[in-house]
Every structure is written in structure tokens, then in C-alpha cells.
>>> print(open('final_16.txt').read())   # compact mmCIF, N, CA, C and O atoms
# COMPACT_ATOMS: atom_id res chain seq x y z
N MET D 1 85.42 103.96 101.27
CA MET D 1 86.70 104.62 101.28
C MET D 1 87.82 103.62 101.57
O MET D 1 88.71 103.89 102.36
N ASN D 2 87.74 102.47 100.92
CA ASN D 2 88.78 101.47 101.12
C ASN D 2 90.16 101.99 100.73
O ASN D 2 91.15 101.65 101.37
N GLN D 3 90.23 102.82 99.68
CA GLN D 3 91.52 103.35 99.25
C GLN D 3 92.16 104.20 100.34
O GLN D 3 93.37 104.15 100.53
N LEU D 4 91.37 104.98 101.04
CA LEU D 4 91.91 105.81 102.11
C LEU D 4 92.50 104.94 103.22
O LEU D 4 93.56 105.24 103.77
N PHE D 5 91.85 103.84 103.52
CA PHE D 5 92.36 102.93 104.55
C PHE D 5 93.62 102.21 104.06
O PHE D 5 94.52 101.93 104.84
N GLU D 6 93.71 101.96 102.75
CA GLU D 6 94.93 101.38 102.19
C GLU D 6 96.09 102.38 102.27
O GLU D 6 97.23 101.99 102.55
N ILE D 7 95.81 103.64 102.02
CA ILE D 7 96.83 104.69 102.16
C ILE D 7 97.31 104.73 103.61
O ILE D 7 98.51 104.79 103.88
N TYR D 8 96.36 104.70 104.53
CA TYR D 8 96.71 104.68 105.95
C TYR D 8 97.62 103.50 106.27
O TYR D 8 98.65 103.66 106.94
N GLU D 9 97.28 102.32 105.77
CA GLU D 9 98.08 101.12 106.04
C GLU D 9 99.49 101.26 105.47
O GLU D 9 100.46 100.84 106.10
N THR D 10 99.61 101.85 104.29
CA THR D 10 100.93 102.06 103.69
C THR D 10 101.77 102.98 104.56
O THR D 10 102.93 102.69 104.86
N LEU D 11 101.18 104.08 104.99
CA LEU D 11 101.90 105.03 105.83
C LEU D 11 102.26 104.43 107.18
O LEU D 11 103.35 104.66 107.72
N ARG D 12 101.36 103.64 107.73
CA ARG D 12 101.63 102.97 109.01
C ARG D 12 102.77 101.97 108.85
O ARG D 12 103.67 101.88 109.69
N HIS D 13 102.74 101.24 107.75
CA HIS D 13 103.79 100.24 107.48
C HIS D 13 105.18 100.87 107.45
O HIS D 13 106.14 100.29 107.95
N PHE D 14 105.28 102.06 106.88
CA PHE D 14 106.58 102.73 106.78
C PHE D 14 106.87 103.64 107.97
O PHE D 14 107.87 104.36 107.97
N GLY D 15 106.02 103.61 108.98
CA GLY D 15 106.30 104.34 110.21
C GLY D 15 105.95 105.82 110.19
O GLY D 15 106.40 106.58 111.05
N PHE D 16 105.12 106.25 109.25
CA PHE D 16 104.73 107.65 109.17
C PHE D 16 103.59 107.98 110.13
O PHE D 16 103.34 109.14 110.42
N CYS D 17 102.87 106.96 110.58
CA CYS D 17 101.83 107.14 111.59
C CYS D 17 101.72 105.83 112.37
O CYS D 17 102.14 104.79 111.89
N PHE D 18 101.15 105.92 113.54
CA PHE D 18 101.08 104.75 114.41
C PHE D 18 99.70 104.12 114.46
O PHE D 18 99.56 102.93 114.68
N ASN D 19 98.66 104.93 114.30
CA ASN D 19 97.29 104.43 114.35
C ASN D 19 96.39 105.38 113.56
O ASN D 19 96.86 106.40 113.04
N GLN D 20 95.11 105.05 113.48
CA GLN D 20 94.18 105.87 112.71
C GLN D 20 94.02 107.27 113.30
O GLN D 20 93.84 108.23 112.56
N SER D 21 94.11 107.39 114.61
CA SER D 21 94.02 108.71 115.23
C SER D 21 95.19 109.59 114.80
O SER D 21 95.00 110.76 114.46
N ASP D 22 96.37 109.02 114.81
CA ASP D 22 97.57 109.74 114.39
C ASP D 22 97.45 110.16 112.91
O ASP D 22 97.76 111.29 112.55
N PHE D 23 96.98 109.25 112.07
CA PHE D 23 96.78 109.53 110.65
C PHE D 23 95.76 110.66 110.46
O PHE D 23 95.97 111.57 109.66
N SER D 24 94.67 110.59 111.20
CA SER D 24 93.62 111.61 111.10
C SER D 24 94.15 113.00 111.42
O SER D 24 93.85 113.96 110.72
N VAL D 25 94.95 113.09 112.46
CA VAL D 25 95.45 114.39 112.91
C VAL D 25 96.58 114.89 112.02
O VAL D 25 96.54 116.02 111.53
N HIS D 26 97.60 114.06 111.78
CA HIS D 26 98.81 114.52 111.12
C HIS D 26 98.77 114.48 109.60
O HIS D 26 99.49 115.24 108.96
N TRP D 27 97.97 113.61 109.03
CA TRP D 27 97.94 113.50 107.57
C TRP D 27 96.67 114.08 106.95
O TRP D 27 96.68 114.53 105.81
N LEU D 28 95.57 114.06 107.71
CA LEU D 28 94.32 114.60 107.19
C LEU D 28 93.94 115.94 107.80
O LEU D 28 93.00 116.58 107.35
N GLY D 29 94.64 116.34 108.86
CA GLY D 29 94.37 117.63 109.49
C GLY D 29 93.03 117.69 110.19
O GLY D 29 92.41 118.75 110.28
N ARG D 30 92.57 116.59 110.71
CA ARG D 30 91.26 116.51 111.36
C ARG D 30 91.41 116.02 112.80
O ARG D 30 92.51 115.81 113.29
N SER D 31 90.28 115.78 113.43
CA SER D 31 90.29 115.30 114.82
C SER D 31 90.73 113.83 114.86
O SER D 31 90.76 113.14 113.84
N ARG D 32 91.05 113.38 116.06
CA ARG D 32 91.50 112.01 116.25
C ARG D 32 90.48 110.97 115.79
O ARG D 32 90.84 109.87 115.42
N CYS D 33 89.22 111.31 115.81
CA CYS D 33 88.16 110.35 115.50
C CYS D 33 87.71 110.39 114.04
O CYS D 33 86.76 109.71 113.67
N TYR D 34 88.38 111.16 113.20
CA TYR D 34 87.92 111.37 111.83
C TYR D 34 87.87 110.07 111.02
O TYR D 34 86.88 109.82 110.34
N MET D 35 88.90 109.25 111.09
CA MET D 35 88.89 107.98 110.34
C MET D 35 87.77 107.07 110.84
O MET D 35 87.10 106.41 110.05
N SER D 36 87.56 107.05 112.14
CA SER D 36 86.46 106.25 112.70
C SER D 36 85.12 106.74 112.18
O SER D 36 84.23 105.95 111.84
N TYR D 37 84.98 108.06 112.13
CA TYR D 37 83.75 108.66 111.61
C TYR D 37 83.53 108.25 110.15
O TYR D 37 82.42 107.85 109.77
N LEU D 38 84.56 108.33 109.32
CA LEU D 38 84.43 107.96 107.91
C LEU D 38 84.05 106.49 107.76
O LEU D 38 83.19 106.14 106.94
N LYS D 39 84.67 105.66 108.56
CA LYS D 39 84.40 104.22 108.50
C LYS D 39 82.97 103.92 108.95
O LYS D 39 82.25 103.15 108.31
N ARG D 40 82.54 104.56 110.02
CA ARG D 40 81.22 104.31 110.59
C ARG D 40 80.10 104.81 109.69
O ARG D 40 79.09 104.14 109.49
N THR D 41 80.27 105.99 109.11
CA THR D 41 79.20 106.60 108.32
C THR D 41 79.28 106.33 106.83
O THR D 41 78.30 106.50 106.11
N GLY D 42 80.46 105.93 106.35
CA GLY D 42 80.64 105.74 104.92
C GLY D 42 80.72 107.06 104.16
O GLY D 42 80.61 107.08 102.94
N ALA D 43 80.92 108.15 104.89
CA ALA D 43 80.99 109.48 104.27
C ALA D 43 82.28 109.62 103.47
O ALA D 43 83.27 108.94 103.73
N ASP D 44 82.25 110.52 102.50
CA ASP D 44 83.46 110.85 101.75
C ASP D 44 84.32 111.77 102.59
O ASP D 44 83.80 112.61 103.32
N PRO D 45 85.65 111.66 102.48
CA PRO D 45 86.51 112.58 103.21
C PRO D 45 86.35 113.99 102.64
O PRO D 45 85.93 114.16 101.50
N SER D 46 86.71 114.98 103.42
CA SER D 46 86.58 116.35 102.96
C SER D 46 87.65 116.66 101.91
O SER D 46 88.72 116.04 101.88
N LEU D 47 87.34 117.61 101.05
CA LEU D 47 88.29 118.03 100.04
C LEU D 47 89.56 118.60 100.68
O LEU D 47 90.67 118.35 100.21
N THR D 48 89.38 119.34 101.74
CA THR D 48 90.53 119.93 102.43
C THR D 48 91.46 118.85 102.96
O THR D 48 92.68 118.94 102.80
N SER D 49 90.89 117.82 103.56
CA SER D 49 91.70 116.73 104.09
C SER D 49 92.44 116.00 102.97
O SER D 49 93.62 115.67 103.10
N MET D 50 91.76 115.77 101.87
CA MET D 50 92.40 115.07 100.76
C MET D 50 93.48 115.92 100.11
O MET D 50 94.53 115.40 99.73
N LYS D 51 93.25 117.21 100.00
CA LYS D 51 94.28 118.10 99.43
C LYS D 51 95.52 118.11 100.32
O LYS D 51 96.65 118.08 99.83
N LEU D 52 95.31 118.16 101.63
CA LEU D 52 96.42 118.12 102.58
C LEU D 52 97.17 116.79 102.46
O LEU D 52 98.41 116.78 102.43
N LEU D 53 96.45 115.70 102.38
CA LEU D 53 97.07 114.38 102.24
C LEU D 53 97.90 114.31 100.96
O LEU D 53 99.04 113.85 100.97
N VAL D 54 97.34 114.79 99.85
CA VAL D 54 98.06 114.78 98.57
C VAL D 54 99.35 115.60 98.68
O VAL D 54 100.42 115.16 98.26
N ALA D 55 99.26 116.78 99.26
CA ALA D 55 100.44 117.64 99.38
C ALA D 55 101.53 116.97 100.22
O ALA D 55 102.71 117.01 99.87
N ARG D 56 101.14 116.36 101.31
CA ARG D 56 102.13 115.72 102.17
C ARG D 56 102.72 114.48 101.51
O ARG D 56 103.92 114.21 101.62
N LEU D 57 101.88 113.73 100.80
CA LEU D 57 102.39 112.56 100.09
C LEU D 57 103.33 112.96 98.95
O LEU D 57 104.32 112.27 98.71
N GLU D 58 103.03 114.05 98.27
CA GLU D 58 103.91 114.51 97.20
C GLU D 58 105.32 114.76 97.73
O GLU D 58 106.31 114.38 97.09
N ALA D 59 105.40 115.40 98.88
CA ALA D 59 106.72 115.67 99.48
C ALA D 59 107.44 114.37 99.84
O ALA D 59 108.64 114.22 99.57
N GLU D 60 106.72 113.43 100.42
CA GLU D 60 107.33 112.16 100.81
C GLU D 60 107.73 111.33 99.60
O GLU D 60 108.76 110.66 99.61
N VAL D 61 106.92 111.36 98.56
CA VAL D 61 107.24 110.61 97.34
C VAL D 61 108.49 111.18 96.68
O VAL D 61 109.33 110.43 96.17
N GLU D 62 108.62 112.48 96.70
CA GLU D 62 109.82 113.11 96.13
C GLU D 62 111.07 112.66 96.89
O GLU D 62 112.09 112.34 96.28
N LEU D 63 110.99 112.61 98.20
CA LEU D 63 112.12 112.11 99.00
C LEU D 63 112.39 110.64 98.71
O LEU D 63 113.53 110.22 98.59
N ALA D 64 111.31 109.86 98.60
CA ALA D 64 111.45 108.43 98.31
C ALA D 64 112.07 108.20 96.94
O ALA D 64 112.89 107.29 96.76
N LYS D 65 111.71 109.03 96.01
CA LYS D 65 112.25 108.92 94.65
C LYS D 65 113.77 109.09 94.65
O LYS D 65 114.49 108.36 93.97
N HIS D 66 114.24 110.03 95.44
CA HIS D 66 115.67 110.29 95.48
C HIS D 66 116.43 109.34 96.40
O HIS D 66 117.66 109.32 96.38
N SER D 67 115.69 108.57 97.19
CA SER D 67 116.36 107.61 98.08
C SER D 67 116.89 106.41 97.30
O SER D 67 117.80 105.73 97.76
N GLY D 68 116.29 106.14 96.15
CA GLY D 68 116.73 105.01 95.33
C GLY D 68 116.20 103.66 95.80
O GLY D 68 116.55 102.63 95.24
N GLU D 69 115.36 103.66 96.81
CA GLU D 69 114.81 102.40 97.33
C GLU D 69 113.45 102.13 96.69
O GLU D 69 112.44 102.73 97.06
N GLU D 70 113.42 101.22 95.73
CA GLU D 70 112.18 100.89 95.01
C GLU D 70 111.11 100.33 95.95
O GLU D 70 109.93 100.60 95.77
N ALA D 71 111.52 99.55 96.94
CA ALA D 71 110.56 98.95 97.87
C ALA D 71 109.85 100.00 98.71
O ALA D 71 108.78 99.75 99.26
N PHE D 72 110.42 101.18 98.81
CA PHE D 72 109.82 102.29 99.54
C PHE D 72 109.08 103.23 98.57
O PHE D 72 107.96 103.65 98.83
N TYR D 73 109.70 103.49 97.44
CA TYR D 73 109.15 104.45 96.48
C TYR D 73 107.83 103.98 95.86
O TYR D 73 106.85 104.74 95.82
N ARG D 74 107.78 102.75 95.41
CA ARG D 74 106.58 102.26 94.70
C ARG D 74 105.31 102.32 95.55
O ARG D 74 104.29 102.83 95.09
N PRO D 75 105.30 101.81 96.78
CA PRO D 75 104.08 101.90 97.58
C PRO D 75 103.69 103.34 97.91
O PRO D 75 102.51 103.68 97.93
N MET D 76 104.69 104.18 98.13
CA MET D 76 104.40 105.58 98.43
C MET D 76 103.82 106.27 97.20
O MET D 76 102.88 107.07 97.30
N ARG D 77 104.35 105.98 96.03
CA ARG D 77 103.83 106.54 94.78
C ARG D 77 102.40 106.06 94.55
O ARG D 77 101.53 106.83 94.15
N SER D 78 102.13 104.80 94.81
CA SER D 78 100.77 104.26 94.68
C SER D 78 99.81 104.95 95.63
O SER D 78 98.66 105.23 95.27
N ALA D 79 100.27 105.21 96.84
CA ALA D 79 99.43 105.92 97.82
C ALA D 79 99.11 107.32 97.32
O ALA D 79 97.98 107.80 97.46
N LEU D 80 100.09 107.99 96.73
CA LEU D 80 99.87 109.33 96.18
C LEU D 80 98.84 109.30 95.05
O LEU D 80 97.93 110.13 95.01
N VAL D 81 98.98 108.37 94.14
CA VAL D 81 98.02 108.25 93.02
C VAL D 81 96.61 107.98 93.56
O VAL D 81 95.63 108.58 93.10
N ALA D 82 96.50 107.11 94.55
CA ALA D 82 95.19 106.82 95.14
C ALA D 82 94.61 108.06 95.81
O ALA D 82 93.42 108.34 95.67
N ALA D 83 95.43 108.82 96.53
CA ALA D 83 94.96 110.03 97.19
C ALA D 83 94.48 111.06 96.17
O ALA D 83 93.45 111.71 96.37
N ARG D 84 95.21 111.20 95.09
CA ARG D 84 94.79 112.13 94.03
C ARG D 84 93.45 111.69 93.42
O ARG D 84 92.60 112.52 93.13
N THR D 85 93.29 110.39 93.22
CA THR D 85 92.06 109.87 92.65
C THR D 85 90.87 110.12 93.58
O THR D 85 89.80 110.52 93.13
N ILE D 86 91.07 109.88 94.87
CA ILE D 86 90.01 110.16 95.84
C ILE D 86 89.67 111.64 95.82
O ILE D 86 88.49 112.02 95.78
N HIS D 87 90.68 112.50 95.85
CA HIS D 87 90.45 113.95 95.82
C HIS D 87 89.64 114.34 94.59
O HIS D 87 88.66 115.07 94.69
N ASP D 88 90.05 113.86 93.42
CA ASP D 88 89.35 114.21 92.19
C ASP D 88 87.91 113.70 92.20
O ASP D 88 87.00 114.40 91.77
N GLY D 89 87.71 112.50 92.71
CA GLY D 89 86.36 111.95 92.78
C GLY D 89 85.46 112.72 93.72
O GLY D 89 84.31 113.02 93.39
N VAL D 90 85.96 113.09 94.88
CA VAL D 90 85.18 113.86 95.84
C VAL D 90 84.86 115.24 95.26
O VAL D 90 83.74 115.73 95.37
N TYR D 91 85.84 115.84 94.60
CA TYR D 91 85.62 117.15 93.97
C TYR D 91 84.52 117.05 92.92
O TYR D 91 83.61 117.88 92.87
N GLU D 92 84.60 116.03 92.07
CA GLU D 92 83.59 115.87 91.02
C GLU D 92 82.20 115.64 91.59
O GLU D 92 81.23 116.18 91.08
N LEU D 93 82.11 114.80 92.62
CA LEU D 93 80.80 114.55 93.22
C LEU D 93 80.18 115.83 93.76
O LEU D 93 78.97 116.00 93.73
N LYS D 94 81.02 116.74 94.24
CA LYS D 94 80.52 117.96 94.86
C LYS D 94 80.25 119.07 93.85
O LYS D 94 79.28 119.81 93.99
N TYR D 95 81.09 119.19 92.81
CA TYR D 95 81.03 120.37 91.97
C TYR D 95 80.76 120.12 90.48
O TYR D 95 80.48 121.07 89.76
N VAL D 96 80.87 118.92 90.00
CA VAL D 96 80.72 118.66 88.57
C VAL D 96 79.37 117.99 88.30
O VAL D 96 79.02 117.02 88.97
N PRO D 97 78.62 118.49 87.31
CA PRO D 97 77.35 117.86 86.96
C PRO D 97 77.56 116.39 86.58
O PRO D 97 78.59 116.05 85.97
N PRO D 98 76.64 115.51 86.92
CA PRO D 98 76.81 114.07 86.68
C PRO D 98 77.25 113.70 85.26
O PRO D 98 78.07 112.81 85.08
N PHE D 99 76.73 114.38 84.28
CA PHE D 99 77.05 114.04 82.89
C PHE D 99 78.54 114.20 82.60
O PHE D 99 79.10 113.49 81.77
N TYR D 100 79.21 115.12 83.27
CA TYR D 100 80.61 115.43 82.99
C TYR D 100 81.62 114.75 83.91
O TYR D 100 82.81 114.95 83.78
N ARG D 101 81.14 113.95 84.83
CA ARG D 101 82.04 113.31 85.79
C ARG D 101 82.90 112.25 85.12
O ARG D 101 82.42 111.48 84.30
N ILE D 102 84.17 112.22 85.52
CA ILE D 102 85.11 111.25 84.96
C ILE D 102 85.63 110.33 86.05
O ILE D 102 85.60 109.11 85.92
N THR D 103 86.11 110.87 87.14
CA THR D 103 86.74 110.05 88.18
C THR D 103 85.88 109.88 89.43
O THR D 103 86.29 109.22 90.36
N ALA D 104 84.71 110.50 89.46
CA ALA D 104 83.88 110.45 90.67
C ALA D 104 83.54 109.01 91.02
O ALA D 104 83.21 108.20 90.16
N ILE D 105 83.62 108.75 92.30
CA ILE D 105 83.32 107.41 92.80
C ILE D 105 81.85 107.33 93.22
O ILE D 105 81.25 108.32 93.57
N ASN D 106 81.32 106.14 93.16
CA ASN D 106 79.95 105.94 93.59
C ASN D 106 79.95 105.84 95.11
O ASN D 106 80.53 104.93 95.68
N SER D 107 79.31 106.79 95.76
CA SER D 107 79.34 106.82 97.22
C SER D 107 78.34 105.90 97.87
O SER D 107 78.29 105.78 99.06
N SER D 108 77.55 105.20 97.10
CA SER D 108 76.56 104.29 97.70
C SER D 108 77.12 102.92 97.90
O SER D 108 78.12 102.52 97.52
>>> encode(input="final_16.txt", output="C-alpha cells")
Amino acid sequence: MNQLFEIYETLRHFGFCFNQSDFSVHWLGRSRCYMSYLKRTGADPSLTSMKLLVARLEAEVELAKHSGEEAFYRPMRSALVAARTIHDGVYELKYVPPFYRITAINSS
């Protein structure tokens, strides 16, 4: 889940969260230890957490778009695209037969 940690770093860089615990609670809607758990076990994030992250990033990207600051908008937009990709991959791994998967990531 390197992409999720990159999203966290982007949000931390812009002051949206202070540490992984803060990110886990406020952006993923989980316990303070959720990011540590994902890192330790290599598990995929939950669909609910990813959907929440996508929704919150969409709102922030819309604000960034209207701010006119490219240095802020581009990284936030990249974080949103990465979050959507993770969400789609996790969804496919859980619900789509292997033959039909398009964006699913290899969890091994």
C-alpha cells in the first residue's frame, strides 16, 4: 500500500494531518492504529475507508482547483487519482472475478 502512504505524505505536507494516527482517524475513519496495522500486515485498506478518503479528497481538490495555486492543486489531484485507483483495485479484488479485473492490484 505504498500509494496510501504517499497520499498520507501529501496530506501531511499540506498540513491536513499531523501524523499517521491523525490520518487514520480523520481521513480514513478508522482507529489511530489503522495505518500501522496496514503497514505491519500488508493488508488492503477497507472499501469504506477508501470511499471516505476519496470523498474528502474530492472536496479538497475542488477547493484547490479554485484557489489557482498549481503547486497545491497538482499534488492533491494526484492523491485523489491514487485514492480512486486503490478503491477500484480493492473493490475488484473483493467482488470481481479474476478474469474481469482491470485495476485490481496484486496484494502479494
>>> select_by_dssp(input="final_16.txt", residues="chain D", states="alpha helix (DSSP H)", output="number ranges by chain")
D: 2-13, 20-26, 34-41, 47-67, 70-95
>>> atom_distance(input="final_16.txt", atom1="atom C of Ala55 of chain D", atom2="atom N of Val81 of chain D")
10.8 Å
>>> residues_near_point(input="final_16.txt", point="(111.5, 98.9, 103.3)", cutoff="10 Å", atoms="only C-alpha atoms", output="list of chain:residue names")
D:His13, D:Phe14, D:Glu69, D:Glu70, D:Ala71, D:Phe72, D:Tyr73, D:Pro75
>>> write_last_selection(input="final_16.txt", atoms="N, CA, C and O atoms", output="mmCIF file, in the frame of the given file")
data_model
loop_
_atom_site.group_PDB
_atom_site.id
_atom_site.type_symbol
_atom_site.label_atom_id
_atom_site.label_comp_id
_atom_site.auth_asym_id
_atom_site.auth_seq_id
_atom_site.Cartn_x
_atom_site.Cartn_y
_atom_site.Cartn_z
ATOM 1 N N HIS D 13 102.740 101.240 107.750
ATOM 2 C CA HIS D 13 103.790 100.240 107.480
ATOM 3 C C HIS D 13 105.180 100.870 107.450
ATOM 4 O O HIS D 13 106.140 100.290 107.950
ATOM 5 N N PHE D 14 105.280 102.060 106.880
ATOM 6 C CA PHE D 14 106.580 102.730 106.780
ATOM 7 C C PHE D 14 106.870 103.640 107.970
ATOM 8 O O PHE D 14 107.870 104.360 107.970
ATOM 9 N N GLU D 69 115.360 103.660 96.810
ATOM 10 C CA GLU D 69 114.810 102.400 97.330
ATOM 11 C C GLU D 69 113.450 102.130 96.690
ATOM 12 O O GLU D 69 112.440 102.730 97.060
ATOM 13 N N GLU D 70 113.420 101.220 95.730
ATOM 14 C CA GLU D 70 112.180 100.890 95.010
ATOM 15 C C GLU D 70 111.110 100.330 95.950
ATOM 16 O O GLU D 70 109.930 100.600 95.770
ATOM 17 N N ALA D 71 111.520 99.550 96.940
ATOM 18 C CA ALA D 71 110.560 98.950 97.870
ATOM 19 C C ALA D 71 109.850 100.000 98.710
ATOM 20 O O ALA D 71 108.780 99.750 99.260
ATOM 21 N N PHE D 72 110.420 101.180 98.810
ATOM 22 C CA PHE D 72 109.820 102.290 99.540
ATOM 23 C C PHE D 72 109.080 103.230 98.570
ATOM 24 O O PHE D 72 107.960 103.650 98.830
ATOM 25 N N TYR D 73 109.700 103.490 97.440
ATOM 26 C CA TYR D 73 109.150 104.450 96.480
ATOM 27 C C TYR D 73 107.830 103.980 95.860
ATOM 28 O O TYR D 73 106.850 104.740 95.820
ATOM 29 N N PRO D 75 105.300 101.810 96.780
ATOM 30 C CA PRO D 75 104.080 101.900 97.580
ATOM 31 C C PRO D 75 103.690 103.340 97.910
ATOM 32 O O PRO D 75 102.510 103.680 97.930
#
>>> residues_around(input="final_16.txt", residues="Ser49 of chain D", least_positions_apart="3", cutoff="6 Å", atoms="only C-alpha atoms", output="ChimeraX atom specification")
/D:28,46,52
>>> write_last_selection(input="final_16.txt", atoms="N, CA, C and O atoms", output="CSV table (one decimal), in the coordinates of the input")
chain,number,residue,atom,x,y,z
D,28,LEU,N,95.6,114.1,107.7
D,28,LEU,CA,94.3,114.6,107.2
D,28,LEU,C,93.9,115.9,107.8
D,28,LEU,O,93.0,116.6,107.4
D,46,SER,N,86.7,115.0,103.4
D,46,SER,CA,86.6,116.4,103.0
D,46,SER,C,87.6,116.7,101.9
D,46,SER,O,88.7,116.0,101.9
D,52,LEU,N,95.3,118.2,101.6
D,52,LEU,CA,96.4,118.1,102.6
D,52,LEU,C,97.2,116.8,102.5
D,52,LEU,O,98.4,116.8,102.4
>>> closest_residue(input="final_16.txt", among="D:Ser31, D:Ser24, D:Pro45, D:Gly15", to="Tyr91 of chain D", atoms="only N, CA, C and O atoms")
D:Pro45
>>> atom_distance(input="final_16.txt", atom1="atom N of Leu4 of chain D", atom2="atom O of Ala82 of chain D")
6.7 Å
>>> atom_distance(input="final_16.txt", atom1="atom N of Thr10 of chain D", atom2="atom N of Glu92 of chain D")
24.0 Å
>>> residues_around(input="final_16.txt", residues="Ser21 of chain D", least_positions_apart="6", cutoff="6 Å", atoms="all atoms listed in the file", output="list in words")
Arg30, Ser31, Arg32 and Cys33 of chain D
>>> axis_aligned_box(input="final_16.txt", around="segment 58-77 of chain D", padding_each_side="3 Å", output="JSON")
{"center_x": 109.7, "center_y": 107.3, "center_z": 97.4, "size_x": 22.3, "size_y": 22.7, "size_z": 12.8}
>>> residues_around(input="final_16.txt", residues="Glu9 of chain D", least_positions_apart="3", cutoff="10 Å", atoms="only C-alpha atoms", output="ChimeraX atom specification")
/D:3-6,12-20,23,79
>>> closest_residue(input="final_16.txt", among="D:Glu62, D:Pro97, D:Leu57, D:Ile86", to="Asp44 of chain D", atoms="all atoms listed in the file")
D:Ile86
